[in-house]
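So the structure is just underneath, and the comments pick up after that.
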Amino acid sequence: MIAILIIILVTVGLFTFLINIYNRLVILKNNTEKAFANIDVVLKQRADEIPNIIKTVKATALNENTILKELTTLRTQYLNTDNSNDKIKIAENIEGKMKSFMMVTENYPDLKASSSYLELQKRLSELENIIADRREYFNESINLYNIGLDVFPDIIFARILNYRKKEMLKISDAERVYPDFNI
């Protein structure tokens, strides 16, 4: 009788242990998806500002149609993509084009003096700060997830569930380039 009770307690204990491992992996996975969704919200807000930028710029007769067309195309691609990896790549392209665009606008004093443009510039700057904060949170979530996949005995469940490591957001090549400033 005692042996049966011990077997039942060990079985229940083992089953509880396995359930806790499974639940922890699911929580880590869902946390990474939530972290990306938080970034996606702000990236969409930035993409939604592109038509306002184009409207403001056209009103001041800035003739940088190539960059404006590229921004419009990238915005459409971003809004029509569901794959998070593709969204990240498109968002990095948007960021690079936005930086190029902002640098070009420095040559147009009428545009820089426009209150609409200044408000948009301020809004974009705020969004970029929010994106940076959310990227940091996303990378922390990915780090915890990846660690969770590597620790024993979680690694066994992770392989059974076909969980794969995820990549952290990295600084793009465009973000590593700093324009020359002549002082």
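Residues are named by chain letter and number: chains run A, B, ... in the order of the structure tokens, numbers start at 1 in each chain, and ligands are numbered from 1 in the order shown.
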**Request:** Return as a ChimeraX atom specification the full set of residues in region 59-136 of chain A whose backbone-based DSSP assignment is helix (DSSP H, G or I).
**Result:** /A:59,65-79,84-105,109-113,115-136
Go through region 81-167 of chain A residue by residue and, counting only C-alpha atoms, keep those with an atom at most 9 Å from region 48-53 of chain A; for each kept residue give the shortest atom pair and its distance in Å to one decimal, ordered by chain and increasing number, as a tab-separated table.
residue	atom	partner	partner_atom	distance
A:Ser116	CA	A:Ile53	CA	8.9
A:Tyr117	CA	A:Ile53	CA	7.2
A:Leu120	CA	A:Ile53	CA	6.9
A:Gln121	CA	A:Ile53	CA	8.8
A:Arg123	CA	A:Glu49	CA	8.6
A:Leu124	CA	A:Glu49	CA	7.8
Export of the given selection (C-alpha atoms) as an mmCIF file, in the first residue's frame:
data_model
loop_
_atom_site.group_PDB
_atom_site.id
_atom_site.type_symbol
_atom_site.label_atom_id
_atom_site.label_comp_id
_atom_site.auth_asym_id
_atom_site.auth_seq_id
_atom_site.Cartn_x
_atom_site.Cartn_y
_atom_site.Cartn_z
ATOM 1 C CA SER A 116 3.405 71.257 -39.931
ATOM 2 C CA TYR A 117 6.800 69.851 -40.789
ATOM 3 C CA LEU A 120 5.809 65.866 -37.891
ATOM 4 C CA GLN A 121 9.514 65.895 -37.154
ATOM 5 C CA ARG A 123 6.224 63.212 -33.706
ATOM 6 C CA LEU A 124 8.681 61.028 -35.638
#
Please tabulate, as a Markdown table, the residues of region 25-110 of chain A that come within 12 Å of region 152-162 of chain A, each with its closest pair of atoms and the distance in Å to one decimal, counting only C-alpha atoms and ordering rows by chain, then residue number upward.
| residue | atom | partner | partner_atom | distance |
| --- | --- | --- | --- | --- |
| A:Leu25 | CA | A:Ala158 | CA | 7.3 |
| A:Val26 | CA | A:Ala158 | CA | 9.6 |
| A:Leu28 | CA | A:Ala158 | CA | 11.2 |
| A:Lys29 | CA | A:Ala158 | CA | 10.4 |
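Among the candidates A:Thr66, A:Thr32, A:Phe101, A:Leu169, the residue lying nearest to Asn146 (chain A) is A:Thr32 (atoms considered: only C-alpha atoms).
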**Item:** Near-Lys97 (chain A) list (8 Å; only C-alpha atoms; drop same-chain fewer than 4 positions) as an MDAnalysis selection string
**Value:** chainID A and resid 67 70:71 93 101
Export of prior selection with N, CA, C and O atoms as a short mmCIF file (atom, residue, chain, number, x, y, z; two decimals), in the first residue's frame:
data_model
loop_
_atom_site.label_atom_id
_atom_site.label_comp_id
_atom_site.auth_asym_id
_atom_site.auth_seq_id
_atom_site.Cartn_x
_atom_site.Cartn_y
_atom_site.Cartn_z
N ILE A 67 12.81 59.65 -53.09
CA ILE A 67 12.71 59.22 -51.69
C ILE A 67 11.25 59.10 -51.27
O ILE A 67 10.86 58.14 -50.61
N GLU A 70 9.82 55.95 -52.73
CA GLU A 70 10.35 54.78 -52.02
C GLU A 70 9.68 54.63 -50.65
O GLU A 70 9.35 53.51 -50.25
N LEU A 71 9.48 55.74 -49.96
CA LEU A 71 8.80 55.67 -48.66
C LEU A 71 7.37 55.17 -48.81
O LEU A 71 6.91 54.35 -48.02
N ASN A 93 14.39 49.41 -43.65
CA ASN A 93 14.49 50.19 -44.89
C ASN A 93 13.79 51.54 -44.75
O ASN A 93 14.30 52.56 -45.21
N PHE A 101 15.87 61.15 -45.99
CA PHE A 101 14.91 62.22 -46.26
C PHE A 101 15.12 63.40 -45.33
O PHE A 101 15.14 64.55 -45.76
#
**Prompt:** Any idea what's packed within 12 Å of Asp40 (chain A), counting only C-alpha atoms, ignoring anything in its chain fewer than 2 positions away? Could you give it as a PyMOL selection string?
**Reply:** chain A and resi 33-38+42-48+78-79+81-88+90-91+127+130-131+134-135+138
Just N, CA and C atoms for this one: save the residues we selected as a PDB file, in the first residue's frame.
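The resulting file, selection-v7.pdb, is shown below:
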ATOM      1  N   GLU A  33       6.322  37.069 -28.639  1.00  0.00           N
ATOM      2  CA  GLU A  33       5.336  37.499 -29.634  1.00  0.00           C
ATOM      3  C   GLU A  33       4.672  38.803 -29.209  1.00  0.00           C
ATOM      4  N   LYS A  34       4.399  38.941 -27.929  1.00  0.00           N
ATOM      5  CA  LYS A  34       3.818  40.185 -27.415  1.00  0.00           C
ATOM      6  C   LYS A  34       4.804  41.339 -27.573  1.00  0.00           C
ATOM      7  N   ALA A  35       6.067  41.080 -27.297  1.00  0.00           N
ATOM      8  CA  ALA A  35       7.085  42.120 -27.422  1.00  0.00           C
ATOM      9  C   ALA A  35       7.184  42.600 -28.863  1.00  0.00           C
ATOM     10  N   PHE A  36       7.115  41.674 -29.828  1.00  0.00           N
ATOM     11  CA  PHE A  36       7.149  42.108 -31.220  1.00  0.00           C
ATOM     12  C   PHE A  36       5.876  42.870 -31.587  1.00  0.00           C
ATOM     13  N   ALA A  37       4.735  42.407 -31.090  1.00  0.00           N
ATOM     14  CA  ALA A  37       3.473  43.102 -31.384  1.00  0.00           C
ATOM     15  C   ALA A  37       3.528  44.540 -30.869  1.00  0.00           C
ATOM     16  N   ASN A  38       4.177  44.757 -29.729  1.00  0.00           N
ATOM     17  CA  ASN A  38       4.329  46.120 -29.195  1.00  0.00           C
ATOM     18  C   ASN A  38       5.180  46.983 -30.114  1.00  0.00           C
ATOM     19  N   VAL A  42       4.026  50.528 -32.911  1.00  0.00           N
ATOM     20  CA  VAL A  42       4.720  51.812 -33.087  1.00  0.00           C
ATOM     21  C   VAL A  42       5.265  51.930 -34.512  1.00  0.00           C
ATOM     22  N   LEU A  43       5.746  50.824 -35.070  1.00  0.00           N
ATOM     23  CA  LEU A  43       6.223  50.870 -36.454  1.00  0.00           C
ATOM     24  C   LEU A  43       5.080  51.218 -37.405  1.00  0.00           C
ATOM     25  N   LYS A  44       3.884  50.714 -37.113  1.00  0.00           N
ATOM     26  CA  LYS A  44       2.723  51.057 -37.943  1.00  0.00           C
ATOM     27  C   LYS A  44       2.383  52.539 -37.778  1.00  0.00           C
ATOM     28  N   GLN A  45       2.492  53.048 -36.556  1.00  0.00           N
ATOM     29  CA  GLN A  45       2.242  54.474 -36.349  1.00  0.00           C
ATOM     30  C   GLN A  45       3.222  55.306 -37.170  1.00  0.00           C
ATOM     31  N   ARG A  46       4.483  54.881 -37.181  1.00  0.00           N
ATOM     32  CA  ARG A  46       5.476  55.604 -37.982  1.00  0.00           C
ATOM     33  C   ARG A  46       5.119  55.502 -39.459  1.00  0.00           C
ATOM     34  N   ALA A  47       4.724  54.317 -39.915  1.00  0.00           N
ATOM     35  CA  ALA A  47       4.336  54.149 -41.320  1.00  0.00           C
ATOM     36  C   ALA A  47       3.118  55.011 -41.649  1.00  0.00           C
ATOM     37  N   ASP A  48       2.217  55.160 -40.689  1.00  0.00           N
ATOM     38  CA  ASP A  48       1.023  55.986 -40.910  1.00  0.00           C
ATOM     39  C   ASP A  48       1.355  57.472 -41.015  1.00  0.00           C
ATOM     40  N   TYR A  78       4.985  47.328 -45.885  1.00  0.00           N
ATOM     41  CA  TYR A  78       4.903  47.087 -44.444  1.00  0.00           C
ATOM     42  C   TYR A  78       3.468  46.756 -44.032  1.00  0.00           C
ATOM     43  N   LEU A  79       2.525  47.545 -44.504  1.00  0.00           N
ATOM     44  CA  LEU A  79       1.136  47.349 -44.106  1.00  0.00           C
ATOM     45  C   LEU A  79       0.544  46.063 -44.670  1.00  0.00           C
ATOM     46  N   THR A  81       2.279  43.169 -45.091  1.00  0.00           N
ATOM     47  CA  THR A  81       3.069  42.020 -44.679  1.00  0.00           C
ATOM     48  C   THR A  81       2.646  41.558 -43.295  1.00  0.00           C
ATOM     49  N   ASP A  82       2.511  40.243 -43.148  1.00  0.00           N
ATOM     50  CA  ASP A  82       2.175  39.674 -41.847  1.00  0.00           C
ATOM     51  C   ASP A  82       3.376  39.008 -41.178  1.00  0.00           C
ATOM     52  N   ASN A  83       4.384  38.655 -41.955  1.00  0.00           N
ATOM     53  CA  ASN A  83       5.562  37.969 -41.436  1.00  0.00           C
ATOM     54  C   ASN A  83       6.419  38.942 -40.634  1.00  0.00           C
ATOM     55  N   SER A  84       6.711  38.608 -39.376  1.00  0.00           N
ATOM     56  CA  SER A  84       7.452  39.535 -38.510  1.00  0.00           C
ATOM     57  C   SER A  84       8.871  39.782 -39.006  1.00  0.00           C
ATOM     58  N   ASN A  85       9.535  38.767 -39.552  1.00  0.00           N
ATOM     59  CA  ASN A  85      10.892  38.982 -40.075  1.00  0.00           C
ATOM     60  C   ASN A  85      10.883  39.934 -41.258  1.00  0.00           C
ATOM     61  N   ASP A  86       9.894  39.800 -42.148  1.00  0.00           N
ATOM     62  CA  ASP A  86       9.775  40.717 -43.285  1.00  0.00           C
ATOM     63  C   ASP A  86       9.463  42.129 -42.809  1.00  0.00           C
ATOM     64  N   LYS A  87       8.602  42.224 -41.793  1.00  0.00           N
ATOM     65  CA  LYS A  87       8.260  43.543 -41.253  1.00  0.00           C
ATOM     66  C   LYS A  87       9.499  44.238 -40.689  1.00  0.00           C
ATOM     67  N   ILE A  88      10.349  43.468 -40.020  1.00  0.00           N
ATOM     68  CA  ILE A  88      11.570  44.047 -39.449  1.00  0.00           C
ATOM     69  C   ILE A  88      12.456  44.591 -40.562  1.00  0.00           C
ATOM     70  N   ILE A  90      11.604  45.526 -43.634  1.00  0.00           N
ATOM     71  CA  ILE A  90      10.969  46.685 -44.262  1.00  0.00           C
ATOM     72  C   ILE A  90      11.077  47.905 -43.347  1.00  0.00           C
ATOM     73  N   ALA A  91      10.866  47.707 -42.047  1.00  0.00           N
ATOM     74  CA  ALA A  91      10.970  48.817 -41.091  1.00  0.00           C
ATOM     75  C   ALA A  91      12.379  49.389 -41.075  1.00  0.00           C
ATOM     76  N   LEU A 127       8.330  58.851 -31.806  1.00  0.00           N
ATOM     77  CA  LEU A 127       8.115  57.458 -32.200  1.00  0.00           C
ATOM     78  C   LEU A 127       9.427  56.679 -32.230  1.00  0.00           C
ATOM     79  N   ILE A 130      10.311  55.683 -28.733  1.00  0.00           N
ATOM     80  CA  ILE A 130       9.460  54.579 -28.282  1.00  0.00           C
ATOM     81  C   ILE A 130       9.924  53.270 -28.924  1.00  0.00           C
ATOM     82  N   ILE A 131      10.237  53.319 -30.216  1.00  0.00           N
ATOM     83  CA  ILE A 131      10.712  52.119 -30.914  1.00  0.00           C
ATOM     84  C   ILE A 131      11.999  51.610 -30.261  1.00  0.00           C
ATOM     85  N   ARG A 134      11.144  49.822 -27.059  1.00  0.00           N
ATOM     86  CA  ARG A 134      10.478  48.536 -27.307  1.00  0.00           C
ATOM     87  C   ARG A 134      11.431  47.512 -27.921  1.00  0.00           C
ATOM     88  N   ARG A 135      12.383  47.983 -28.695  1.00  0.00           N
ATOM     89  CA  ARG A 135      13.408  47.059 -29.219  1.00  0.00           C
ATOM     90  C   ARG A 135      14.195  46.447 -28.062  1.00  0.00           C
ATOM     91  N   PHE A 138      12.050  43.898 -26.436  1.00  0.00           N
ATOM     92  CA  PHE A 138      11.950  42.737 -27.327  1.00  0.00           C
ATOM     93  C   PHE A 138      13.205  41.883 -27.214  1.00  0.00           C
TER      94      PHE A 138
END
